[in-house]
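Asker: File target.cif below, mmCIF, C-alpha atoms:
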data_query
loop_
_atom_site.label_atom_id
_atom_site.label_comp_id
_atom_site.auth_asym_id
_atom_site.auth_seq_id
_atom_site.Cartn_x
_atom_site.Cartn_y
_atom_site.Cartn_z
CA MET A 920 -0.47 12.78 24.45
CA ALA A 921 2.25 12.79 27.10
CA ARG A 922 -0.07 11.05 29.58
CA ARG A 923 -0.97 8.43 26.99
CA GLY A 924 2.71 7.82 26.30
CA GLN A 925 3.43 7.48 30.02
CA SER A 926 0.51 5.08 30.52
CA ARG A 927 1.67 2.95 27.60
CA SER A 928 5.19 2.89 29.03
CA VAL A 929 3.85 1.81 32.42
CA LEU A 930 1.74 -0.91 30.82
CA ARG A 931 4.76 -2.17 28.87
CA ARG A 932 6.81 -2.35 32.04
CA ILE A 933 4.04 -4.16 33.88
CA GLY A 934 3.67 -6.62 31.00
CA HIS A 935 7.44 -7.11 30.87
CA PHE A 936 7.71 -7.82 34.59
CA ALA A 937 4.64 -10.08 34.48
CA LEU A 938 6.18 -12.10 31.65
CA VAL A 939 9.53 -12.35 33.45
CA PHE A 940 7.80 -13.34 36.69
CA PHE A 941 5.82 -16.04 34.89
CA PHE A 942 8.91 -17.63 33.37
CA VAL A 943 10.86 -17.38 36.63
CA VAL A 944 8.09 -19.21 38.47
CA VAL A 945 7.74 -21.86 35.77
CA LEU A 946 11.48 -22.51 35.48
CA ALA A 947 12.22 -22.35 39.21
CA PHE A 948 9.29 -24.52 40.27
CA PRO A 949 10.97 -27.90 39.55
CA PHE A 950 13.88 -26.92 41.80
CA TYR A 951 11.49 -25.79 44.53
CA TRP A 952 9.54 -29.04 44.24
CA MET A 953 12.70 -31.14 44.47
CA PHE A 954 13.91 -29.10 47.46
CA ILE A 955 10.70 -29.33 49.46
CA THR A 956 10.25 -33.04 48.68
CA THR A 957 13.82 -33.75 49.80
CA PHE A 958 13.14 -32.50 53.33
CA LYS A 959 9.51 -33.55 53.78
CA GLN A 960 8.62 -36.37 56.11
CA SER A 961 7.09 -39.41 54.41
CA THR A 962 3.84 -38.99 56.34
CA ASP A 963 3.60 -35.40 55.18
CA LEU A 964 4.53 -36.34 51.62
CA TYR A 965 1.90 -39.06 51.16
CA ASP A 966 -1.01 -37.40 53.01
CA LEU A 967 -3.40 -36.18 50.30
CA HIS A 968 -5.04 -33.73 52.70
CA ASN A 969 -1.84 -31.78 53.28
CA ASN A 970 -0.77 -28.78 51.25
CA PRO A 971 1.91 -30.17 48.87
CA PHE A 972 3.68 -26.82 48.49
CA ILE A 973 4.67 -26.24 52.12
CA PHE A 974 6.05 -28.17 55.09
CA ASN A 975 3.04 -29.42 57.04
CA ALA A 976 5.37 -31.20 59.47
CA ALA A 977 8.88 -30.48 60.63
CA PRO A 978 11.55 -31.01 57.92
CA THR A 979 13.65 -34.16 58.09
CA LEU A 980 17.04 -35.39 56.87
CA ASP A 981 15.96 -39.04 56.62
CA HIS A 982 15.85 -39.01 52.81
CA LEU A 983 19.41 -37.69 52.61
CA LYS A 984 20.58 -40.30 55.12
CA LEU A 985 19.02 -43.01 52.94
CA LEU A 986 20.59 -41.57 49.80
CA PHE A 987 24.12 -41.26 51.17
CA GLY A 988 24.03 -44.13 53.65
CA GLU A 989 22.32 -46.97 51.78
CA THR A 990 23.21 -46.30 48.15
CA GLY A 991 26.39 -45.64 46.22
CA TYR A 992 25.31 -42.12 45.29
CA LEU A 993 28.68 -40.49 45.94
CA ARG A 994 30.38 -43.20 43.89
CA TRP A 995 27.90 -42.62 41.05
CA LEU A 996 28.62 -38.90 41.16
CA GLY A 997 32.34 -39.60 41.00
CA ASN A 998 31.95 -42.03 38.10
CA THR A 999 29.81 -39.57 36.15
CA ALA A 1000 32.20 -36.67 36.76
CA LEU A 1001 35.22 -38.76 35.75
CA VAL A 1002 33.58 -40.05 32.58
CA GLY A 1003 32.32 -36.55 31.76
CA VAL A 1004 35.79 -35.00 32.03
CA ILE A 1005 37.41 -37.75 29.94
CA VAL A 1006 34.71 -37.66 27.24
CA VAL A 1007 34.89 -33.86 27.07
CA ALA A 1008 38.67 -34.08 26.60
CA ILE A 1009 38.37 -36.74 23.89
CA THR A 1010 35.62 -34.80 22.13
CA LEU A 1011 37.63 -31.57 22.04
CA LEU A 1012 40.80 -33.39 21.01
CA LEU A 1013 39.10 -34.90 17.96
CA ALA A 1014 36.33 -32.45 17.11
CA LEU A 1015 38.46 -29.29 17.07
CA PRO A 1016 40.94 -30.36 14.36
CA ALA A 1017 38.22 -32.21 12.43
CA ALA A 1018 35.94 -29.16 12.36
CA TYR A 1019 38.81 -26.86 11.40
CA ALA A 1020 39.92 -29.15 8.57
CA LEU A 1021 36.38 -29.45 7.21
CA ALA A 1022 35.75 -25.71 7.48
CA ARG A 1023 39.06 -24.51 6.02
CA LEU A 1024 40.88 -27.17 4.04
CA THR A 1025 38.33 -29.23 2.11
CA GLY A 1026 36.39 -26.67 0.06
CA ARG A 1027 32.82 -27.51 -0.94
CA TRP A 1028 33.09 -31.12 0.11
CA GLY A 1029 33.82 -30.07 3.66
CA GLN A 1030 30.28 -28.78 4.22
CA ARG A 1031 28.73 -31.90 2.73
CA LEU A 1032 30.98 -34.17 4.75
CA GLY A 1033 30.19 -32.16 7.87
CA ILE A 1034 26.46 -32.66 7.33
CA GLY A 1035 27.10 -36.37 6.79
CA ILE A 1036 29.00 -36.55 10.07
CA PHE A 1037 26.17 -34.72 11.83
CA LEU A 1038 23.62 -37.20 10.48
CA THR A 1039 25.38 -39.99 12.36
CA TYR A 1040 24.43 -38.14 15.56
CA LEU A 1041 20.76 -38.58 14.65
CA VAL A 1042 20.94 -42.39 14.65
CA PRO A 1043 19.06 -43.45 17.82
CA PRO A 1044 20.98 -45.33 20.54
CA THR A 1045 18.33 -48.07 20.47
CA LEU A 1046 19.76 -49.14 17.09
CA LEU A 1047 23.41 -48.84 18.06
CA PHE A 1048 23.72 -50.39 21.49
CA ILE A 1049 23.61 -53.99 20.16
CA PRO A 1050 26.59 -53.69 17.74
CA LEU A 1051 28.41 -51.48 20.23
CA SER A 1052 27.93 -54.09 22.94
CA ARG A 1053 29.75 -56.53 20.68
CA VAL A 1054 32.66 -54.10 20.38
CA VAL A 1055 32.72 -53.62 24.15
CA ALA A 1056 32.71 -57.39 24.69
CA ILE A 1057 35.58 -57.95 22.24
CA LEU A 1058 37.66 -55.33 24.05
CA GLY A 1059 36.85 -56.83 27.44
CA LEU A 1060 35.36 -53.63 28.84
CA GLN A 1061 32.06 -55.05 30.12
CA ASP A 1062 30.88 -53.65 33.45
CA THR A 1063 33.52 -50.91 33.56
CA ILE A 1064 33.22 -47.17 33.16
CA TRP A 1065 35.69 -47.44 30.27
CA SER A 1066 32.94 -49.00 28.17
CA VAL A 1067 30.96 -45.74 28.20
CA VAL A 1068 34.15 -43.70 27.80
CA LEU A 1069 34.62 -45.62 24.54
CA VAL A 1070 31.01 -45.30 23.40
CA TYR A 1071 29.97 -41.77 24.38
CA PRO A 1072 32.32 -39.98 21.91
CA SER A 1073 30.47 -41.77 19.10
CA PHE A 1074 27.61 -39.29 19.52
CA THR A 1075 29.37 -36.29 21.09
CA ILE A 1076 32.05 -35.92 18.40
CA PRO A 1077 29.70 -35.75 15.34
CA PHE A 1078 27.53 -33.00 16.79
CA SER A 1079 30.50 -31.09 18.21
CA THR A 1080 32.31 -31.24 14.88
CA TRP A 1081 29.29 -29.87 13.02
CA LEU A 1082 28.80 -27.14 15.64
CA LEU A 1083 32.43 -26.01 15.58
CA MET A 1084 32.47 -25.96 11.76
CA GLY A 1085 29.88 -23.21 11.75
CA PHE A 1086 31.85 -21.32 14.36
CA PHE A 1087 35.18 -21.54 12.51
CA LYS A 1088 33.55 -20.21 9.35
CA THR A 1089 32.79 -16.92 11.12
CA ILE A 1090 36.52 -16.29 11.67
CA PRO A 1091 37.98 -14.41 8.66
CA ARG A 1092 40.58 -16.32 6.72
CA GLU A 1093 42.62 -13.14 6.40
CA LEU A 1094 43.54 -13.31 10.09
CA GLU A 1095 45.08 -16.75 9.64
CA ASP A 1096 46.83 -15.69 6.45
CA ALA A 1097 48.34 -12.71 8.25
CA ALA A 1098 49.49 -14.92 11.10
CA MET A 1099 51.17 -17.32 8.68
CA VAL A 1100 52.83 -14.42 6.86
CA ASP A 1101 54.26 -13.40 10.23
CA GLY A 1102 55.89 -16.81 10.53
CA LEU A 1103 53.33 -19.09 12.15
CA SER A 1104 52.57 -22.46 10.65
CA ARG A 1105 49.02 -23.54 9.88
CA PHE A 1106 48.95 -25.49 13.16
CA GLY A 1107 50.44 -22.55 15.04
CA ALA A 1108 47.80 -20.19 13.66
CA PHE A 1109 45.13 -22.68 14.66
CA ILE A 1110 46.39 -22.99 18.24
CA LYS A 1111 47.36 -19.37 18.90
CA LEU A 1112 44.68 -17.57 16.91
CA VAL A 1113 41.67 -19.68 15.99
CA VAL A 1114 41.23 -21.57 19.27
CA PRO A 1115 41.30 -18.43 21.50
CA MET A 1116 38.76 -16.76 19.21
CA SER A 1117 36.49 -19.81 19.39
CA LEU A 1118 36.05 -19.97 23.17
CA SER A 1119 32.26 -19.54 22.91
CA GLY A 1120 31.96 -22.53 20.58
CA ILE A 1121 34.38 -24.61 22.67
CA LEU A 1122 32.46 -23.79 25.85
CA THR A 1123 29.23 -24.80 24.13
CA VAL A 1124 30.78 -28.15 23.22
CA VAL A 1125 31.98 -28.66 26.80
CA ILE A 1126 28.54 -27.94 28.30
CA PHE A 1127 26.71 -29.98 25.67
CA THR A 1128 29.02 -32.98 26.04
CA PHE A 1129 29.02 -33.01 29.83
CA THR A 1130 25.24 -32.66 29.95
CA LEU A 1131 24.78 -35.59 27.58
CA VAL A 1132 27.04 -37.75 29.72
CA THR A 1133 25.09 -36.98 32.90
CA GLN A 1134 21.69 -37.73 31.38
CA GLU A 1135 22.51 -40.68 29.09
CA PHE A 1136 20.68 -43.88 30.07
CA ILE A 1137 20.64 -46.62 27.43
CA TYR A 1138 24.37 -47.21 27.00
CA ALA A 1139 25.09 -47.00 30.72
CA LEU A 1140 22.27 -49.45 31.46
CA THR A 1141 23.48 -51.87 28.77
CA PHE A 1142 27.21 -51.89 29.46
CA ILE A 1143 27.36 -51.50 33.26
CA SER A 1144 25.63 -53.79 35.75
CA SER A 1145 27.39 -53.58 39.13
CA GLU A 1146 26.36 -50.88 41.58
CA ALA A 1147 29.91 -49.66 42.19
CA HIS A 1148 30.44 -48.80 38.50
CA GLN A 1149 27.06 -47.26 37.81
CA MET A 1150 26.55 -43.86 36.26
CA LEU A 1151 24.29 -41.32 37.93
CA GLY A 1152 21.50 -41.53 35.34
CA VAL A 1153 21.11 -45.28 35.84
CA GLY A 1154 22.04 -45.72 39.51
CA VAL A 1155 19.44 -43.30 40.88
CA PRO A 1156 16.30 -44.80 39.27
CA THR A 1157 17.60 -48.37 39.53
CA PHE A 1158 18.35 -48.43 43.26
CA LEU A 1159 15.78 -45.91 44.50
CA VAL A 1160 12.82 -47.49 42.73
CA ARG A 1161 12.23 -50.96 44.12
CA GLY A 1162 9.28 -52.61 42.47
CA ASP A 1163 6.29 -50.39 43.11
CA VAL A 1164 8.03 -48.54 45.97
CA TYR A 1165 9.37 -45.11 45.04
CA PHE A 1166 11.67 -43.38 47.51
CA TRP A 1167 10.51 -39.96 46.37
CA GLY A 1168 12.41 -37.95 48.93
CA SER A 1169 15.72 -39.58 48.11
CA LEU A 1170 14.98 -39.46 44.37
CA MET A 1171 14.33 -35.73 44.52
CA ALA A 1172 17.43 -35.18 46.64
CA ALA A 1173 19.57 -37.06 44.12
CA CYS A 1174 18.14 -35.06 41.21
CA LEU A 1175 18.51 -31.74 43.04
CA ILE A 1176 22.16 -32.31 43.96
CA ALA A 1177 23.04 -33.37 40.41
CA SER A 1178 21.09 -30.62 38.66
CA ILE A 1179 22.26 -27.57 40.64
CA PRO A 1180 25.88 -27.55 39.31
CA ILE A 1181 24.67 -27.93 35.72
CA ALA A 1182 22.06 -25.21 36.18
CA LEU A 1183 24.71 -22.85 37.61
CA LEU A 1184 27.03 -23.69 34.72
CA TYR A 1185 24.35 -22.85 32.17
CA ASN A 1186 23.47 -19.58 33.89
CA LEU A 1187 27.07 -18.43 34.36
CA PHE A 1188 27.93 -18.97 30.70
CA LEU A 1189 24.50 -18.44 29.15
CA ASP A 1190 25.59 -15.69 26.75
CA ARG A 1191 28.55 -17.68 25.43
CA PHE A 1192 26.40 -20.80 25.19
CA ILE A 1193 23.79 -19.02 23.06
CA ALA A 1194 26.52 -17.46 20.92
CA GLY A 1195 28.06 -20.86 20.30
CA PHE A 1196 24.77 -22.25 19.03
CA THR A 1197 23.67 -19.25 16.97
CA VAL A 1198 26.83 -17.79 15.43
CA GLY A 1199 27.04 -20.54 12.81
CA ALA A 1200 23.42 -20.04 11.86
CA VAL A 1201 23.95 -16.28 11.49
CA LYS A 1202 26.88 -16.97 9.20
#
What would the structure in this file look like if it were written as structure tokens?
Answerer:
Amino acid sequence: MARRGQSRSVLRRIGHFALVFFFVVVLAFPFYWMFITTFKQSTDLYDLHNNPFIFNAAPTLDHLKLLFGETGYLRWLGNTALVGVIVVAITLLLALPAAYALARLTGRWGQRLGIGIFLTYLVPPTLLFIPLSRVVAILGLQDTIWSVVLVYPSFTIPFSTWLLMGFFKTIPRELEDAAMVDGLSRFGAFIKLVVPMSLSGILTVVIFTFTLVTQEFIYALTFISSEAHQMLGVGVPTFLVRGDVYFWGSLMAACLIASIPIALLYNLFLDRFIAGFTVGAVK
């Protein structure tokens, strides 16, 4: 019996490691493919007889020189980072008090109103970009990054408000009541008690919002036309795909450089990110 138990334990461990290894390979392969394509010579890349998974010729930096020397890639990175930071700040500034008010101060109607706000997030951008382009034109923001700063919160705030509502409901009301008995106002209890206890939900909103900004395409394509003002998600495919010519090495380099910081961010705060998405559902 002891031998059977040991053999079963060994088999479980082997199965566990095999499963982990499988997912590691599957999830890491896109990054490996982008890396190896970035440094492959064009002759090596397009030769069908070569092994696509290794360097058949000496690595090269030509694709990086094209990316940084002949495109506005650094400017696109800067535009995307700037817009991401501003949109994250606007989203938190509006979604935090809105979610708290709906979760604490509106009773039954708060949940229904929160669901209604969330439903606006589900409206596809293909239906909204035409009326929003009219708003952008009236405000004189065409071909500026401020056009997307204005538009992006229209879909980040609804989802973030709904997400934070579920998180605030997990915080006992008694804690806020005790804080107000001790002399804090409702706003003071919110700032000094509720917000620090909601860091997982706030971090989830930050990651979600910033990720949406980096990958959004339709609004950035519609409202921005000049190369200097482009966002990363539009600039890379627009200026590195010329007709039927694909600059694969430079494309992969651009994607790799942009994806590594986001991947590190997700991995560093993975536990908090999962908690932010699941705690409301558990409640």
Asker: Which residues, named as in the file, does the PyMOL selection byres ((chain A and resi 1002) around 8) pick out? Answer as a list of chain:residue names.
Answerer: A:Asn998, A:Thr999, A:Ala1000, A:Leu1001, A:Gly1003, A:Val1004, A:Ile1005, A:Val1006, A:Ile1064, A:Val1067, A:Val1068, A:Val1132
Asker: Would you write out, as JSON, numbers by chain, every residue that the PyMOL selection byres ((chain A and resi 1037) around 6) captures in this file?
Answerer: {"A": [1034, 1035, 1036, 1038, 1039, 1040, 1077, 1078, 1081]}
Asker: Need the shell around A:Met953: protein/DNA/RNA residues with any atom at most 9 Å away, counting only C-alpha atoms. Skip same-chain ones fewer than 5 positions apart. Format as a PDB file with C-alpha atoms, in the coordinates of the input?
Answerer:
ATOM      1  CA  PHE A 948       9.290 -24.520  40.270  1.00  0.00           C
ATOM      2  CA  PHE A 958      13.140 -32.500  53.330  1.00  0.00           C
ATOM      3  CA  GLY A1168      12.410 -37.950  48.930  1.00  0.00           C
ATOM      4  CA  LEU A1170      14.980 -39.460  44.370  1.00  0.00           C
ATOM      5  CA  MET A1171      14.330 -35.730  44.520  1.00  0.00           C
ATOM      6  CA  ALA A1172      17.430 -35.180  46.640  1.00  0.00           C
ATOM      7  CA  CYS A1174      18.140 -35.060  41.210  1.00  0.00           C
ATOM      8  CA  LEU A1175      18.510 -31.740  43.040  1.00  0.00           C
TER       9      LEU A1175
END
Asker: Tell me which of A:Thr1130, A:Thr990, A:His968, A:Ala1097 sits closest to A:Ser1178, counting only C-alpha atoms.
Answerer: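 Checking each candidate against A:Ser1178, we get A:Thr1130 as the closest.
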Asker: Just give me the gap between atom CA of A:Leu964 and atom CA of A:Pro1156 in Å, one decimal is fine.
Answerer: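 Computed distance, atom CA of A:Leu964 to atom CA of A:Pro1156, equals 19.0 Å.
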Asker: For the provided coordinates, the residues matched by the PyMOL selection byres ((chain A and resi 1051) around 12) should be stated as a CSV table (one decimal) with C-alpha atoms, keeping the file's coordinate frame.
Answerer:
chain,number,residue,atom,x,y,z
A,1044,PRO,CA,21.0,-45.3,20.5
A,1045,THR,CA,18.3,-48.1,20.5
A,1046,LEU,CA,19.8,-49.1,17.1
A,1047,LEU,CA,23.4,-48.8,18.1
A,1048,PHE,CA,23.7,-50.4,21.5
A,1049,ILE,CA,23.6,-54.0,20.2
A,1050,PRO,CA,26.6,-53.7,17.7
A,1052,SER,CA,27.9,-54.1,22.9
A,1053,ARG,CA,29.8,-56.5,20.7
A,1054,VAL,CA,32.7,-54.1,20.4
A,1055,VAL,CA,32.7,-53.6,24.2
A,1056,ALA,CA,32.7,-57.4,24.7
A,1057,ILE,CA,35.6,-58.0,22.2
A,1058,LEU,CA,37.7,-55.3,24.0
A,1060,LEU,CA,35.4,-53.6,28.8
A,1061,GLN,CA,32.1,-55.0,30.1
A,1066,SER,CA,32.9,-49.0,28.2
A,1067,VAL,CA,31.0,-45.7,28.2
A,1069,LEU,CA,34.6,-45.6,24.5
A,1070,VAL,CA,31.0,-45.3,23.4
A,1071,TYR,CA,30.0,-41.8,24.4
A,1073,SER,CA,30.5,-41.8,19.1
A,1137,ILE,CA,20.6,-46.6,27.4
A,1138,TYR,CA,24.4,-47.2,27.0
A,1139,ALA,CA,25.1,-47.0,30.7
A,1141,THR,CA,23.5,-51.9,28.8
A,1142,PHE,CA,27.2,-51.9,29.5
Asker: Produce a table with one row for each residue of stretch 1117-1165 of chain A that has an atom at most 9 Å from any atom of stretch 1010-1014 of chain A, each row naming the nearest atom pair and its distance in Å at one decimal; use all atoms listed in the file; arrange rows by chain and rising residue number; format as a tab-separated table.
Answerer:
residue	atom	partner	partner_atom	distance
A:Ile1121	CA	A:Leu1011	CA	7.7
A:Val1124	CA	A:Leu1011	CA	7.7
A:Val1125	CA	A:Leu1011	CA	7.9
A:Thr1128	CA	A:Thr1010	CA	7.9
Asker: Filtering to C-alpha atoms, could you give me those residues as an mmCIF file, in the coordinates of the input?
Answerer:
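Here's the written file result-v9.cif:
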data_model
loop_
_atom_site.group_PDB
_atom_site.id
_atom_site.type_symbol
_atom_site.label_atom_id
_atom_site.label_comp_id
_atom_site.auth_asym_id
_atom_site.auth_seq_id
_atom_site.Cartn_x
_atom_site.Cartn_y
_atom_site.Cartn_z
ATOM 1 C CA ILE A 1121 34.380 -24.610 22.670
ATOM 2 C CA VAL A 1124 30.780 -28.150 23.220
ATOM 3 C CA VAL A 1125 31.980 -28.660 26.800
ATOM 4 C CA THR A 1128 29.020 -32.980 26.040
#
Asker: Grab the atom CA of A:Thr979 to atom CA of A:Leu1159 distance for me, in Å with one decimal place.
Answerer: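 Atom CA of A:Leu1159 lies 18.1 Å from atom CA of A:Thr979.
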Asker: Would you mind telling me which residue in A:Tyr965, A:Phe940, A:Phe987, A:Tyr992 lies nearest to A:Trp1167 when using all atoms listed in the file?
Answerer: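 Checking each candidate against A:Trp1167, we get A:Tyr965 as the closest.
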Asker: To one decimal place, how far is atom CA of A:Phe950 from atom CA of A:Ala1182 in Å?
Answerer: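 Interatomic distance, atom CA of A:Phe950 to atom CA of A:Ala1182: 10.1 Å.
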Asker: Give as a ChimeraX atom specification each residue that has an atom at most 10 Å from (5.2, -30.1, 54.3) in the file, counting all atoms listed in the file.
Answerer: /A:955-956,958-964,966,969-978
Asker: Considering all atoms listed in the file, state which residue in the set A:Thr957, A:Thr1080, A:Gln1149, A:Asn1186 is at the smallest distance from A:Asp981.
Answerer: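 Closest to A:Asp981 of all the choices is A:Thr957.
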Asker: Pick the closest to A:Arg1105 from A:Gly1033, A:Pro1016, A:Gly997, A:Gly1059: which is it, counting only C-alpha atoms?
Answerer: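 That would be A:Pro1016, the residue with the smallest distance to A:Arg1105.
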Asker: Leaving out A:Phe1127 and any residue of its chain fewer than 6 positions from it, which residues lie within 10 Å of it when counting all atoms listed in the file, given as a short mmCIF file (atom, residue, chain, number, x, y, z; two decimals) with C-alpha atoms, in the frame of the given file?
Answerer:
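Result file follows (around.cif):
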data_model
loop_
_atom_site.label_atom_id
_atom_site.label_comp_id
_atom_site.auth_asym_id
_atom_site.auth_seq_id
_atom_site.Cartn_x
_atom_site.Cartn_y
_atom_site.Cartn_z
CA VAL A 1007 34.89 -33.86 27.07
CA THR A 1075 29.37 -36.29 21.09
CA PHE A 1078 27.53 -33.00 16.79
CA SER A 1079 30.50 -31.09 18.21
CA ILE A 1121 34.38 -24.61 22.67
CA TYR A 1185 24.35 -22.85 32.17
CA PHE A 1192 26.40 -20.80 25.19
#
Asker: Restricting the calculation to all atoms listed in the file: of A:Ala1108, A:Ala1017, A:Met1099, A:Ala1177, which residue gets closest to A:Gln1134?
Answerer: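 With all atoms listed in the file as the atom set, the closest residue is A:Ala1177.
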Asker: Applying 7 Å and only C-alpha atoms, which residues near A:Tyr1019 remain after dropping the ones on its own chain fewer than 4 positions away? List them as a VMD selection string.
Answerer: chain A and resid 1015 1023 1084 1087
Asker: Measuring atom to atom with all atoms listed in the file, identify which of A:Thr1063, A:Ala1020, A:Phe954, A:Leu1032 is nearest to A:Ile1143.
Answerer: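 Counting all atoms listed in the file, the residue closest to A:Ile1143 is A:Thr1063.
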